[in-house]
>>> print(open('protein_2.tsv').read())   # TSV, C-alpha atoms
chain	number	residue	atom	x	y	z
A	1	MET	CA	-137.46	46.89	75.26
A	2	ASN	CA	-135.37	43.83	75.87
A	3	PHE	CA	-135.70	42.30	79.32
A	4	GLU	CA	-133.73	39.18	78.51
A	5	TYR	CA	-131.30	38.50	81.33
A	6	SER	CA	-127.59	38.47	80.62
A	7	ASP	CA	-125.42	35.42	81.23
A	8	LYS	CA	-124.15	37.15	84.38
A	9	VAL	CA	-127.67	37.59	85.74
A	10	ASN	CA	-128.78	34.12	84.74
A	11	GLY	CA	-125.79	32.74	86.58
A	12	LEU	CA	-126.68	34.71	89.72
A	13	LEU	CA	-130.32	33.65	89.41
A	14	GLU	CA	-129.27	30.02	89.35
A	15	ARG	CA	-126.97	30.45	92.33
A	16	ILE	CA	-129.47	32.37	94.48
A	17	THR	CA	-132.29	29.98	93.61
A	18	GLY	CA	-130.04	27.09	94.57
A	19	PHE	CA	-129.05	28.82	97.81
A	20	MET	CA	-132.68	29.45	98.72
A	21	ASP	CA	-133.66	25.85	97.95
A	22	GLU	CA	-130.75	24.36	99.88
A	23	HIS	CA	-130.34	26.72	102.82
A	24	VAL	CA	-133.35	29.03	103.28
A	25	PHE	CA	-136.65	27.29	102.59
A	26	PRO	CA	-135.72	24.19	104.66
A	27	VAL	CA	-135.02	26.26	107.81
A	28	GLU	CA	-138.02	28.63	107.90
A	29	ALA	CA	-139.53	26.85	110.90
A	30	GLU	CA	-136.18	26.68	112.70
A	31	MET	CA	-135.67	30.42	112.22
A	32	HIS	CA	-139.01	31.15	113.88
A	33	GLN	CA	-138.15	28.81	116.75
A	34	GLN	CA	-134.88	30.63	117.40
A	35	LEU	CA	-136.66	33.97	117.35
A	36	ALA	CA	-139.14	32.75	119.93
A	37	GLY	CA	-136.29	32.25	122.39
A	38	ASP	CA	-134.69	35.69	121.91
A	39	PRO	CA	-136.93	37.79	119.65
A	40	TRP	CA	-134.92	41.02	119.57
A	41	SER	CA	-131.54	39.59	118.62
A	42	THR	CA	-130.28	38.29	115.29
A	43	PRO	CA	-130.72	34.50	115.45
A	44	PRO	CA	-127.54	32.39	115.27
A	45	LEU	CA	-129.05	30.68	112.24
A	46	MET	CA	-129.20	34.00	110.39
A	47	GLU	CA	-125.53	34.64	111.08
A	48	GLU	CA	-124.71	31.18	109.74
A	49	LEU	CA	-126.68	31.81	106.56
A	50	LYS	CA	-125.09	35.24	106.09
A	51	ALA	CA	-121.62	33.72	106.37
A	52	LYS	CA	-122.48	31.11	103.73
A	53	ALA	CA	-123.93	33.69	101.34
A	54	LYS	CA	-120.96	36.01	101.81
A	55	ALA	CA	-118.51	33.18	101.19
A	56	GLN	CA	-120.31	32.42	97.93
A	57	GLY	CA	-120.18	36.04	96.76
A	58	LEU	CA	-123.94	36.50	97.08
A	59	TRP	CA	-123.57	39.74	99.01
A	60	ASN	CA	-124.58	43.41	98.66
A	61	LEU	CA	-126.23	42.64	95.34
A	62	PHE	CA	-128.52	45.67	95.67
A	63	LEU	CA	-125.78	48.32	95.52
A	64	PRO	CA	-125.87	49.61	91.93
A	65	LEU	CA	-122.74	51.73	92.18
A	66	SER	CA	-119.45	49.93	92.45
A	67	TYR	CA	-118.10	50.38	95.97
A	68	GLY	CA	-114.78	48.59	96.01
A	69	HIS	CA	-114.89	44.92	96.84
A	70	TYR	CA	-118.18	45.37	98.73
A	71	SER	CA	-120.43	45.72	95.69
A	72	ALA	CA	-121.46	43.24	93.01
A	73	GLY	CA	-121.73	46.18	90.62
A	74	LEU	CA	-125.17	45.23	89.31
A	75	THR	CA	-127.57	47.65	87.69
A	76	THR	CA	-131.07	48.06	89.10
A	77	LEU	CA	-132.41	46.03	86.17
A	78	GLU	CA	-129.94	43.24	86.85
A	79	TYR	CA	-130.80	43.20	90.54
A	80	ALA	CA	-134.57	43.08	89.97
A	81	PRO	CA	-135.03	39.33	89.39
A	82	LEU	CA	-132.65	38.53	92.24
A	83	ALA	CA	-134.71	40.62	94.68
A	84	GLU	CA	-137.83	38.84	93.46
A	85	ILE	CA	-136.41	35.50	94.57
A	86	MET	CA	-135.44	36.92	97.96
A	87	GLY	CA	-139.00	38.20	98.41
A	88	LYS	CA	-140.31	34.65	98.65
A	89	VAL	CA	-139.26	34.51	102.32
A	90	ILE	CA	-139.89	37.49	104.58
A	91	TRP	CA	-136.40	37.51	106.09
A	92	ALA	CA	-134.37	36.14	103.16
A	93	ALA	CA	-133.03	39.47	101.89
A	94	GLU	CA	-131.02	39.87	105.10
A	95	VAL	CA	-129.15	36.66	104.32
A	96	PHE	CA	-127.61	38.42	101.32
A	97	ASN	CA	-127.18	41.78	103.12
A	98	CYS	CA	-129.93	43.17	100.91
A	99	ALA	CA	-132.57	43.94	103.55
A	100	ALA	CA	-134.32	47.21	104.30
A	101	PRO	CA	-133.81	49.55	106.02
A	102	ASP	CA	-130.07	48.91	105.74
A	103	THR	CA	-130.12	48.96	101.93
A	104	GLY	CA	-131.56	52.46	101.84
A	105	ASN	CA	-129.22	53.65	104.57
A	106	MET	CA	-126.19	52.22	102.79
A	107	GLU	CA	-127.20	53.89	99.54
A	108	LEU	CA	-127.76	57.13	101.44
A	109	LEU	CA	-124.33	57.02	103.05
A	110	ALA	CA	-122.64	56.00	99.80
A	111	LYS	CA	-124.27	58.92	97.95
A	112	TYR	CA	-124.35	61.67	100.58
A	113	GLY	CA	-121.98	60.71	103.39
A	114	ASN	CA	-118.50	62.16	103.81
A	115	GLU	CA	-115.44	59.95	104.04
A	116	GLN	CA	-115.45	59.90	107.83
A	117	GLN	CA	-119.13	58.88	107.95
A	118	LYS	CA	-118.55	56.18	105.36
A	119	LYS	CA	-115.62	54.75	107.28
A	120	ARG	CA	-117.45	54.77	110.62
A	121	TRP	CA	-120.86	53.50	109.50
A	122	LEU	CA	-121.06	52.47	105.85
A	123	GLU	CA	-118.25	49.95	105.89
A	124	PRO	CA	-119.56	47.90	108.85
A	125	LEU	CA	-123.03	47.96	107.27
A	126	LEU	CA	-121.62	46.71	103.97
A	127	GLU	CA	-119.80	43.98	105.85
A	128	GLY	CA	-123.02	42.98	107.64
A	129	ARG	CA	-121.51	43.50	111.10
A	130	ILE	CA	-124.15	45.96	112.32
A	131	ARG	CA	-127.75	46.97	111.54
A	132	SER	CA	-129.35	50.39	111.23
A	133	ALA	CA	-132.70	52.20	111.11
A	134	PHE	CA	-134.18	55.27	109.45
A	135	ALA	CA	-136.16	57.49	111.82
A	136	MET	CA	-138.61	59.74	109.99
A	137	THR	CA	-142.23	58.76	110.75
A	138	GLU	CA	-143.89	60.46	113.74
A	139	PRO	CA	-147.12	59.58	115.60
A	140	ASP	CA	-148.39	63.12	116.12
A	141	VAL	CA	-148.34	64.40	112.54
A	142	ALA	CA	-149.22	63.09	109.07
A	143	SER	CA	-145.77	61.90	108.11
A	144	SER	CA	-146.82	61.10	104.55
A	145	ASP	CA	-146.05	64.81	104.13
A	146	ALA	CA	-142.44	64.81	105.31
A	147	THR	CA	-142.49	68.60	105.76
A	148	ASN	CA	-144.85	68.02	108.74
A	149	ILE	CA	-142.29	66.37	110.98
A	150	GLU	CA	-141.77	68.11	114.31
A	151	THR	CA	-138.60	66.56	115.73
A	152	ARG	CA	-136.14	69.38	116.42
A	153	ILE	CA	-132.43	69.31	115.67
A	154	GLU	CA	-130.90	72.43	117.27
A	155	ARG	CA	-127.28	73.43	117.19
A	156	ASP	CA	-125.59	74.11	120.51
A	157	GLY	CA	-121.92	74.91	120.00
A	158	ASP	CA	-120.18	71.85	118.57
A	159	GLU	CA	-123.23	69.62	119.06
A	160	TYR	CA	-126.74	69.12	117.79
A	161	VAL	CA	-129.48	68.57	120.36
A	162	ILE	CA	-132.37	66.37	119.22
A	163	ASN	CA	-135.83	66.32	120.78
A	164	GLY	CA	-138.86	64.54	119.41
A	165	LYS	CA	-140.84	61.35	119.05
A	166	LYS	CA	-140.78	58.78	116.25
A	167	PHE	CA	-142.61	55.51	115.69
A	168	TYR	CA	-142.69	52.56	113.31
A	169	ILE	CA	-138.92	52.85	113.03
A	170	SER	CA	-138.18	49.51	111.41
A	171	GLY	CA	-135.08	47.76	112.68
A	172	ALA	CA	-134.62	49.82	115.83
A	173	CYS	CA	-135.80	47.10	118.22
A	174	ARG	CA	-132.94	44.79	117.29
A	175	LYS	CA	-130.00	44.56	119.69
A	176	GLN	CA	-127.60	44.67	116.76
A	177	CYS	CA	-129.00	48.01	115.53
A	178	GLU	CA	-126.21	50.50	116.22
A	179	LEU	CA	-127.20	53.49	114.07
A	180	LEU	CA	-130.24	55.71	113.58
A	181	ILE	CA	-130.45	58.15	110.69
A	182	VAL	CA	-132.80	60.78	112.13
A	183	MET	CA	-134.75	63.35	110.15
A	184	GLY	CA	-135.79	66.51	111.94
A	185	LYS	CA	-136.02	70.26	111.56
A	186	THR	CA	-133.00	72.52	111.94
A	187	ASP	CA	-134.77	75.59	110.52
A	188	PRO	CA	-138.52	75.20	111.21
A	189	ASN	CA	-139.36	78.83	110.37
A	190	ASN	CA	-137.77	78.89	106.93
A	191	ILE	CA	-140.29	80.11	104.34
A	192	ASN	CA	-139.19	77.23	102.08
A	193	ARG	CA	-140.72	74.13	103.72
A	194	TYR	CA	-138.37	71.86	101.79
A	195	ILE	CA	-135.16	73.12	103.37
A	196	GLN	CA	-136.34	73.15	106.97
A	197	GLN	CA	-135.23	69.53	107.50
A	198	SER	CA	-131.87	67.90	108.05
A	199	GLN	CA	-130.65	64.37	108.66
A	200	VAL	CA	-128.20	63.42	111.36
A	201	LEU	CA	-126.41	60.24	112.42
A	202	VAL	CA	-127.32	59.10	115.93
A	203	PRO	CA	-125.70	56.04	117.52
A	204	MET	CA	-128.33	53.91	119.28
A	205	ASN	CA	-126.41	54.00	122.56
A	206	THR	CA	-126.47	57.81	122.73
A	207	PRO	CA	-127.90	59.05	126.06
A	208	GLY	CA	-131.48	60.20	125.64
A	209	VAL	CA	-132.42	57.68	122.92
A	210	LYS	CA	-135.29	55.77	124.52
A	211	VAL	CA	-137.00	52.84	122.80
A	212	VAL	CA	-140.49	52.94	124.31
A	213	ARG	CA	-142.02	49.85	122.75
A	214	ALA	CA	-142.22	47.67	119.67
A	215	MET	CA	-145.16	48.55	117.43
A	216	THR	CA	-146.97	45.55	115.94
A	217	VAL	CA	-148.18	45.17	112.35
A	218	PHE	CA	-151.56	43.42	112.37
A	219	GLY	CA	-150.42	41.80	115.60
A	220	TYR	CA	-147.02	40.67	114.22
A	221	GLU	CA	-143.92	41.92	116.05
A	222	ASP	CA	-141.73	41.33	112.98
A	223	ALA	CA	-138.89	40.26	115.23
A	224	PRO	CA	-135.96	40.61	115.40
A	225	GLU	CA	-135.97	44.02	113.71
A	226	GLY	CA	-139.31	45.24	115.06
A	227	HIS	CA	-140.83	48.67	114.51
A	228	ALA	CA	-139.87	50.88	117.43
A	229	GLU	CA	-141.46	53.87	119.06
A	230	ILE	CA	-138.58	56.11	120.13
A	231	ILE	CA	-138.31	59.26	122.21
A	232	PHE	CA	-135.35	61.57	121.68
A	233	ASP	CA	-134.82	63.44	124.95
A	234	ASN	CA	-132.06	66.05	124.66
A	235	VAL	CA	-129.96	63.69	122.55
A	236	ARG	CA	-126.58	65.23	121.78
A	237	VAL	CA	-124.35	64.32	118.84
A	238	PRO	CA	-121.33	66.10	117.31
A	239	VAL	CA	-122.01	68.56	114.48
A	240	GLU	CA	-119.90	66.26	112.29
A	241	ASN	CA	-122.83	63.82	112.34
A	242	ILE	CA	-124.94	66.00	110.04
A	243	ILE	CA	-125.34	64.47	106.58
A	244	LEU	CA	-124.51	66.73	103.61
A	245	GLY	CA	-125.37	69.87	105.61
A	246	GLU	CA	-128.29	71.67	107.20
A	247	GLY	CA	-131.42	71.96	105.09
A	248	LYS	CA	-130.61	68.92	102.96
A	249	GLY	CA	-132.88	66.43	104.75
A	250	PHE	CA	-135.75	66.47	102.27
A	251	GLU	CA	-133.39	66.14	99.32
A	252	ILE	CA	-131.66	63.18	100.97
A	253	ALA	CA	-134.98	61.51	101.80
A	254	GLN	CA	-136.11	61.69	98.18
A	255	GLY	CA	-132.79	60.27	97.01
A	256	ARG	CA	-133.00	57.44	99.53
A	257	LEU	CA	-136.61	56.40	98.96
A	258	GLY	CA	-136.55	56.04	95.16
A	259	PRO	CA	-134.42	52.88	95.00
A	260	GLY	CA	-135.96	51.56	98.21
A	261	ARG	CA	-139.46	51.73	96.77
A	262	ILE	CA	-138.53	49.66	93.76
A	263	HIS	CA	-136.68	47.11	95.93
A	264	HIS	CA	-139.88	46.65	97.95
A	265	CYS	CA	-141.86	46.14	94.76
A	266	MET	CA	-139.43	43.53	93.47
A	267	ARG	CA	-139.85	41.56	96.68
A	268	SER	CA	-143.65	41.97	96.49
A	269	ILE	CA	-143.59	40.20	93.15
A	270	GLY	CA	-141.59	37.37	94.68
A	271	ALA	CA	-144.08	37.05	97.53
A	272	ALA	CA	-146.97	36.95	95.07
A	273	GLN	CA	-145.22	34.36	92.92
A	274	ARG	CA	-144.66	32.09	95.89
A	275	ALA	CA	-148.31	32.49	96.90
A	276	LEU	CA	-149.35	31.48	93.40
A	277	ASP	CA	-147.03	28.48	93.49
A	278	LEU	CA	-148.53	27.39	96.82
A	279	MET	CA	-152.02	27.92	95.44
A	280	CYS	CA	-151.31	25.71	92.42
A	281	ALA	CA	-149.95	22.96	94.67
A	282	ARG	CA	-152.87	23.20	97.07
A	283	VAL	CA	-155.66	23.02	94.50
A	284	ASN	CA	-154.13	19.92	92.96
A	285	GLU	CA	-153.99	18.17	96.34
A	286	ARG	CA	-157.38	18.98	97.87
A	287	VAL	CA	-160.61	17.22	97.01
A	288	VAL	CA	-163.88	19.10	97.58
A	289	PHE	CA	-167.34	17.70	96.83
A	290	GLY	CA	-165.79	14.66	95.20
A	291	ARG	CA	-163.44	16.44	92.79
A	292	PRO	CA	-160.06	18.21	92.99
A	293	LEU	CA	-160.23	21.94	93.62
A	294	ILE	CA	-158.51	22.60	90.30
A	295	LYS	CA	-161.61	21.28	88.53
A	296	GLN	CA	-163.62	24.23	89.88
A	297	GLN	CA	-163.95	26.99	87.31
A	298	SER	CA	-163.60	29.78	89.88
A	299	ILE	CA	-160.28	28.31	91.05
A	300	ARG	CA	-158.93	28.24	87.51
A	301	GLU	CA	-159.97	31.86	87.06
A	302	ASP	CA	-158.22	32.85	90.30
A	303	ILE	CA	-155.01	31.22	89.12
A	304	ALA	CA	-155.22	32.81	85.68
A	305	LYS	CA	-155.92	36.28	87.08
A	306	SER	CA	-153.07	35.94	89.56
A	307	ALA	CA	-150.59	34.95	86.85
A	308	CYS	CA	-151.67	37.92	84.71
A	309	GLN	CA	-151.34	40.39	87.56
A	310	ILE	CA	-147.89	39.12	88.57
A	311	GLU	CA	-146.55	39.32	85.03
A	312	GLN	CA	-147.97	42.82	84.53
A	313	ALA	CA	-146.33	44.05	87.73
A	314	ARG	CA	-143.08	42.27	86.90
A	315	LEU	CA	-142.83	43.92	83.47
A	316	MET	CA	-143.67	47.35	84.88
A	317	THR	CA	-141.00	46.91	87.55
A	318	LEU	CA	-138.39	45.91	84.98
A	319	LYS	CA	-139.31	48.93	82.87
A	320	ALA	CA	-138.93	51.23	85.89
A	321	ALA	CA	-135.59	49.63	86.75
A	322	GLN	CA	-134.34	50.05	83.20
A	323	LYS	CA	-135.29	53.73	83.14
A	324	MET	CA	-133.62	54.31	86.51
A	325	ASP	CA	-130.40	52.86	85.09
A	326	SER	CA	-130.52	54.69	81.76
A	327	GLN	CA	-131.95	58.10	82.75
A	328	GLY	CA	-131.70	58.35	86.53
A	329	ASN	CA	-134.13	58.05	89.42
A	330	ARG	CA	-135.72	61.44	88.84
A	331	ALA	CA	-136.57	60.66	85.24
A	332	ALA	CA	-138.11	57.37	86.36
A	333	LYS	CA	-140.20	58.85	89.18
A	334	ASP	CA	-143.52	58.29	87.36
A	335	LEU	CA	-142.79	54.62	86.82
A	336	ILE	CA	-141.51	54.25	90.38
A	337	ALA	CA	-144.78	55.75	91.65
A	338	MET	CA	-146.82	53.47	89.38
A	339	ILE	CA	-145.14	50.28	90.51
A	340	LYS	CA	-145.32	51.34	94.17
A	341	ILE	CA	-149.08	51.76	93.70
A	342	VAL	CA	-149.51	48.54	91.75
A	343	ALA	CA	-147.17	45.93	93.27
A	344	PRO	CA	-148.33	45.72	96.93
A	345	SER	CA	-152.01	45.73	95.92
A	346	MET	CA	-151.31	43.05	93.35
A	347	ALA	CA	-149.53	40.93	95.94
A	348	LEU	CA	-152.45	41.36	98.34
A	349	ASP	CA	-154.88	40.15	95.66
A	350	VAL	CA	-152.81	37.06	94.90
A	351	ILE	CA	-152.08	36.21	98.53
A	352	ASP	CA	-155.75	36.65	99.41
A	353	ARG	CA	-156.74	34.13	96.73
A	354	ALA	CA	-154.07	31.74	97.98
A	355	ILE	CA	-155.41	32.05	101.53
A	356	GLN	CA	-158.91	31.30	100.30
A	357	CYS	CA	-157.73	28.19	98.48
A	358	HIS	CA	-155.93	26.99	101.61
A	359	GLY	CA	-158.95	27.44	103.87
A	360	ALA	CA	-158.25	27.66	107.59
A	361	VAL	CA	-154.57	26.79	107.25
A	362	GLY	CA	-154.15	29.89	105.07
A	363	VAL	CA	-154.64	32.18	108.06
A	364	SER	CA	-152.53	30.03	110.40
A	365	GLN	CA	-148.83	30.01	111.22
A	366	ASP	CA	-148.37	26.87	109.10
A	367	THR	CA	-147.87	28.83	105.87
A	368	PHE	CA	-146.16	32.14	105.14
A	369	LEU	CA	-149.38	33.57	103.71
A	370	ALA	CA	-150.91	35.36	106.72
A	371	HIS	CA	-147.67	37.05	107.80
A	372	MET	CA	-146.85	38.03	104.24
A	373	TYR	CA	-150.35	39.44	103.77
A	374	ALA	CA	-149.80	41.69	106.79
A	375	GLY	CA	-146.46	42.79	105.40
A	376	GLN	CA	-147.84	43.64	101.99
A	377	ARG	CA	-150.77	45.54	103.49
A	378	SER	CA	-148.38	47.69	105.52
A	379	LEU	CA	-146.31	48.28	102.37
A	380	ARG	CA	-149.24	50.27	100.98
A	381	LEU	CA	-148.30	52.80	103.68
A	382	ALA	CA	-144.52	52.40	103.89
A	383	ASP	CA	-142.32	54.71	101.81
A	384	GLY	CA	-145.36	56.85	101.06
A	385	PRO	CA	-149.02	55.76	101.07
A	386	ASP	CA	-150.78	54.93	97.81
A	387	GLN	CA	-152.75	58.17	97.92
A	388	VAL	CA	-149.60	60.34	97.97
A	389	HIS	CA	-148.12	58.53	94.98
A	390	MET	CA	-151.41	58.80	93.09
A	391	MET	CA	-151.81	62.48	93.98
A	392	GLN	CA	-148.30	63.36	92.77
A	393	LEU	CA	-148.49	61.13	89.71
A	394	GLY	CA	-151.87	62.54	88.69
A	395	ARG	CA	-150.64	66.11	89.23
A	396	ASP	CA	-147.54	65.58	87.10
A	397	LEU	CA	-149.42	63.84	84.29
A	398	VAL	CA	-151.99	66.63	84.04
A	399	LYS	CA	-149.27	69.28	84.19
A	400	ARG	CA	-147.46	67.69	81.25
A	401	TYR	CA	-150.75	67.38	79.36
A	402	VAL	CA	-151.46	71.10	79.82
A	403	GLU	CA	-147.92	72.09	78.85
A	404	SER	CA	-148.09	69.89	75.76
A	405	ASN	CA	-151.37	71.45	74.63
A	406	GLU	CA	-149.99	74.96	75.17
A	407	ARG	CA	-146.99	74.19	72.99
A	408	LEU	CA	-149.26	72.87	70.23
A	409	ARG	CA	-151.43	76.02	70.36
A	410	ASN	CA	-148.37	78.24	70.12
>>> encode(input="protein_2.tsv", output="structure tokens")
Amino acid sequence: MNFEYSDKVNGLLERITGFMDEHVFPVEAEMHQQLAGDPWSTPPLMEELKAKAKAQGLWNLFLPLSYGHYSAGLTTLEYAPLAEIMGKVIWAAEVFNCAAPDTGNMELLAKYGNEQQKKRWLEPLLEGRIRSAFAMTEPDVASSDATNIETRIERDGDEYVINGKKFYISGACRKQCELLIVMGKTDPNNINRYIQQSQVLVPMNTPGVKVVRAMTVFGYEDAPEGHAEIIFDNVRVPVENIILGEGKGFEIAQGRLGPGRIHHCMRSIGAAQRALDLMCARVNERVVFGRPLIKQQSIREDIAKSACQIEQARLMTLKAAQKMDSQGNRAAKDLIAMIKIVAPSMALDVIDRAIQCHGAVGVSQDTFLAHMYAGQRSLRLADGPDQVHMMQLGRDLVKRYVESNERLRN
């Protein structure tokens, strides 16, 4: 396998790295200050940065399929190192219109939406004028099994009526969030559990959509997007808002989450790399018991182990991305599961070591480490918990082993 980056990618790497160094890293503190004043609205600074990135053509880099002038037309493999750089700052991906959950929603609409839905919702998302959220997780059932969801989507004439409760709906707390993609059951009694669900477009200002509260993640509000708890109380939308058709919700969810999982993993690697960089700087600056920290053997081992883990995860991610491009997401599902299991845990290991090297400041607001640690820990649950990926991966590997042995015996 050849993971050498093309001239096109190397050029983009140089430009994004330069943009981050010039415009993003220097304003991290200012961004947090602006959020403190109005936590649930996109900060003016973010809009300024988005305008600069868009003007420089550093926009919608995630979208692998060409979508007119909106897309950079990169493959997943080409996008991978770019996402890694964005992952070094929690909010940086939004600057380039490459932030979840909008990325997954845009891919969903591009792949499954009809022309009317694309015109109404996809285009303003691609332009960065609005934000969106994906409403699947529910508090009252184990949502790691998506067939468990209880939200009802019932047809009543020319409308669907939605009733249910969702939580940890990332992005839905933000004032600029105008669209929810809601997953619920249109046919709960169908003997096939995988065609009971549908997905429907719900504007945030629809009567009956009630944001109850913002859920925290290890005490972090993750403003301005937040993670909302939402009640749907007799919410009515036109039947035209159904995506692809009734019974297609599970299929759409699987198509949406594959690319999203690998995007998360790419950013995890960037977070881990920044933690390692901070660790290296810290241990060269601090003197403990009369000698620099870097002179301690355990510190050297921590740095070496961290570098090994990051490179292993990086190569596995690139391999998964390459297979997605060459054979499709379904063919790459094993590798996608592997990297989703590996990358967040790897990042947690590296960030934890960096925190330890920083001492008290490592758990403070003076570095990105504590907040990023919380984010990576939650990523072990987001887009499917580790145990689900391991269960399905183990099942599929054993199934292929059995089938292979049967063919040899015959």
>>> closest_residue(input="protein_2.tsv", among="A:Ser144, A:Asn97, A:Gln196, A:Gln176", to="A:Pro43", atoms="all atoms listed in the file")
A:Gln176
>>> closest_residue(input="protein_2.tsv", among="A:Leu109, A:Val398, A:Thr42, A:Tyr79", to="A:Asp325", atoms="all atoms listed in the file")
A:Tyr79
>>> closest_residue(input="protein_2.tsv", among="A:Ile230, A:Ala307, A:Leu63, A:Leu276", to="A:Phe134", atoms="only C-alpha atoms")
A:Ile230
>>> atom_distance(input="protein_2.tsv", atom1="atom CA of A:Leu45", atom2="atom CA of A:Ala370")
23.0 Å
>>> atom_distance(input="protein_2.tsv", atom1="atom CA of A:Arg213", atom2="atom CA of A:Gln199")
23.2 Å
>>> residues_near_point(input="protein_2.tsv", point="(-151.5, 45.7, 114.7)", cutoff="12 Å", atoms="all atoms listed in the file", output="list in words")
Tyr168, Ala214, Met215, Thr216, Val217, Phe218, Gly219, Tyr220, Glu221, Asp222, His227, His371, Ala374, Gly375, Arg377 and Ser378 of chain A
>>> closest_residue(input="protein_2.tsv", among="A:Ala51, A:Met183, A:Ala142, A:Leu74", to="A:Leu381", atoms="all atoms listed in the file")
A:Ala142
>>> closest_atom_pairs(input="protein_2.tsv", of="stretch 243-354 of chain A", to="stretch 186-189 of chain A", cutoff="12 Å", atoms="all atoms listed in the file", output="tab-separated table")
residue	atom	partner	partner_atom	distance
A:Gly245	CA	A:Thr186	CA	10.3
A:Glu246	CA	A:Thr186	CA	6.7
A:Gly247	CA	A:Thr186	CA	7.1
A:Lys248	CA	A:Thr186	CA	10.0
A:Gly249	CA	A:Thr186	CA	9.4
A:Phe250	CA	A:Thr186	CA	11.7
>>> closest_residue(input="protein_2.tsv", among="A:Arg174, A:Lys52, A:Lys118, A:Arg155", to="A:Leu35", atoms="all atoms listed in the file")
A:Arg174
>>> atom_distance(input="protein_2.tsv", atom1="atom CA of A:Asp38", atom2="atom CA of A:Glu138")
27.7 Å
>>> residues_around(input="protein_2.tsv", residues="A:Val287", least_positions_apart="5", cutoff="12 Å", atoms="only C-alpha atoms", output="number ranges by chain")
A: 282, 292-296, 357-358
>>> write_last_selection(input="protein_2.tsv", atoms="C-alpha atoms", output="compact mmCIF listing (two decimals), in the coordinates of the input")
# COMPACT_ATOMS: atom_id res chain seq x y z
CA ARG A 282 -152.87 23.20 97.07
CA PRO A 292 -160.06 18.21 92.99
CA LEU A 293 -160.23 21.94 93.62
CA ILE A 294 -158.51 22.60 90.30
CA LYS A 295 -161.61 21.28 88.53
CA GLN A 296 -163.62 24.23 89.88
CA CYS A 357 -157.73 28.19 98.48
CA HIS A 358 -155.93 26.99 101.61
>>> closest_residue(input="protein_2.tsv", among="A:Met266, A:Cys280, A:Met1, A:Leu58", to="A:Leu13", atoms="all atoms listed in the file")
A:Leu58
>>> axis_aligned_box(input="protein_2.tsv", around="stretch 348-362 of chain A", padding_each_side="5 Å", output="AutoDock Vina command-line options")
--center_x -155.5 --center_y 34.1 --center_z 101.2 --size_x 16.9 --size_y 24.6 --size_z 22.7
>>> residues_around(input="protein_2.tsv", residues="A:Ala332", least_positions_apart="4", cutoff="7 Å", atoms="all atoms listed in the file", output="list in words")
Ala320, Lys323, Met324, Gly328 and Ile336 of chain A
>>> residues_near_point(input="protein_2.tsv", point="(-133.9, 69.4, 121.7)", cutoff="6 Å", atoms="only C-alpha atoms", output="PyMOL selection string")
chain A and resi 152+161-163+234
>>> residues_around(input="protein_2.tsv", residues="stretch 17-24 of chain A", least_positions_apart="2", cutoff="12 Å", atoms="all atoms listed in the file", output="ChimeraX atom specification")
/A:9-15,26-31,45-46,48-58,81-96,270
>>> write_last_selection(input="protein_2.tsv", atoms="C-alpha atoms", output="compact mmCIF listing (two decimals), keeping the file's coordinate frame")
# COMPACT_ATOMS: atom_id res chain seq x y z
CA VAL A 9 -127.67 37.59 85.74
CA ASN A 10 -128.78 34.12 84.74
CA GLY A 11 -125.79 32.74 86.58
CA LEU A 12 -126.68 34.71 89.72
CA LEU A 13 -130.32 33.65 89.41
CA GLU A 14 -129.27 30.02 89.35
CA ARG A 15 -126.97 30.45 92.33
CA PRO A 26 -135.72 24.19 104.66
CA VAL A 27 -135.02 26.26 107.81
CA GLU A 28 -138.02 28.63 107.90
CA ALA A 29 -139.53 26.85 110.90
CA GLU A 30 -136.18 26.68 112.70
CA MET A 31 -135.67 30.42 112.22
CA LEU A 45 -129.05 30.68 112.24
CA MET A 46 -129.20 34.00 110.39
CA GLU A 48 -124.71 31.18 109.74
CA LEU A 49 -126.68 31.81 106.56
CA LYS A 50 -125.09 35.24 106.09
CA ALA A 51 -121.62 33.72 106.37
CA LYS A 52 -122.48 31.11 103.73
CA ALA A 53 -123.93 33.69 101.34
CA LYS A 54 -120.96 36.01 101.81
CA ALA A 55 -118.51 33.18 101.19
CA GLN A 56 -120.31 32.42 97.93
CA GLY A 57 -120.18 36.04 96.76
CA LEU A 58 -123.94 36.50 97.08
CA PRO A 81 -135.03 39.33 89.39
CA LEU A 82 -132.65 38.53 92.24
CA ALA A 83 -134.71 40.62 94.68
CA GLU A 84 -137.83 38.84 93.46
CA ILE A 85 -136.41 35.50 94.57
CA MET A 86 -135.44 36.92 97.96
CA GLY A 87 -139.00 38.20 98.41
CA LYS A 88 -140.31 34.65 98.65
CA VAL A 89 -139.26 34.51 102.32
CA ILE A 90 -139.89 37.49 104.58
CA TRP A 91 -136.40 37.51 106.09
CA ALA A 92 -134.37 36.14 103.16
CA ALA A 93 -133.03 39.47 101.89
CA GLU A 94 -131.02 39.87 105.10
CA VAL A 95 -129.15 36.66 104.32
CA PHE A 96 -127.61 38.42 101.32
CA GLY A 270 -141.59 37.37 94.68
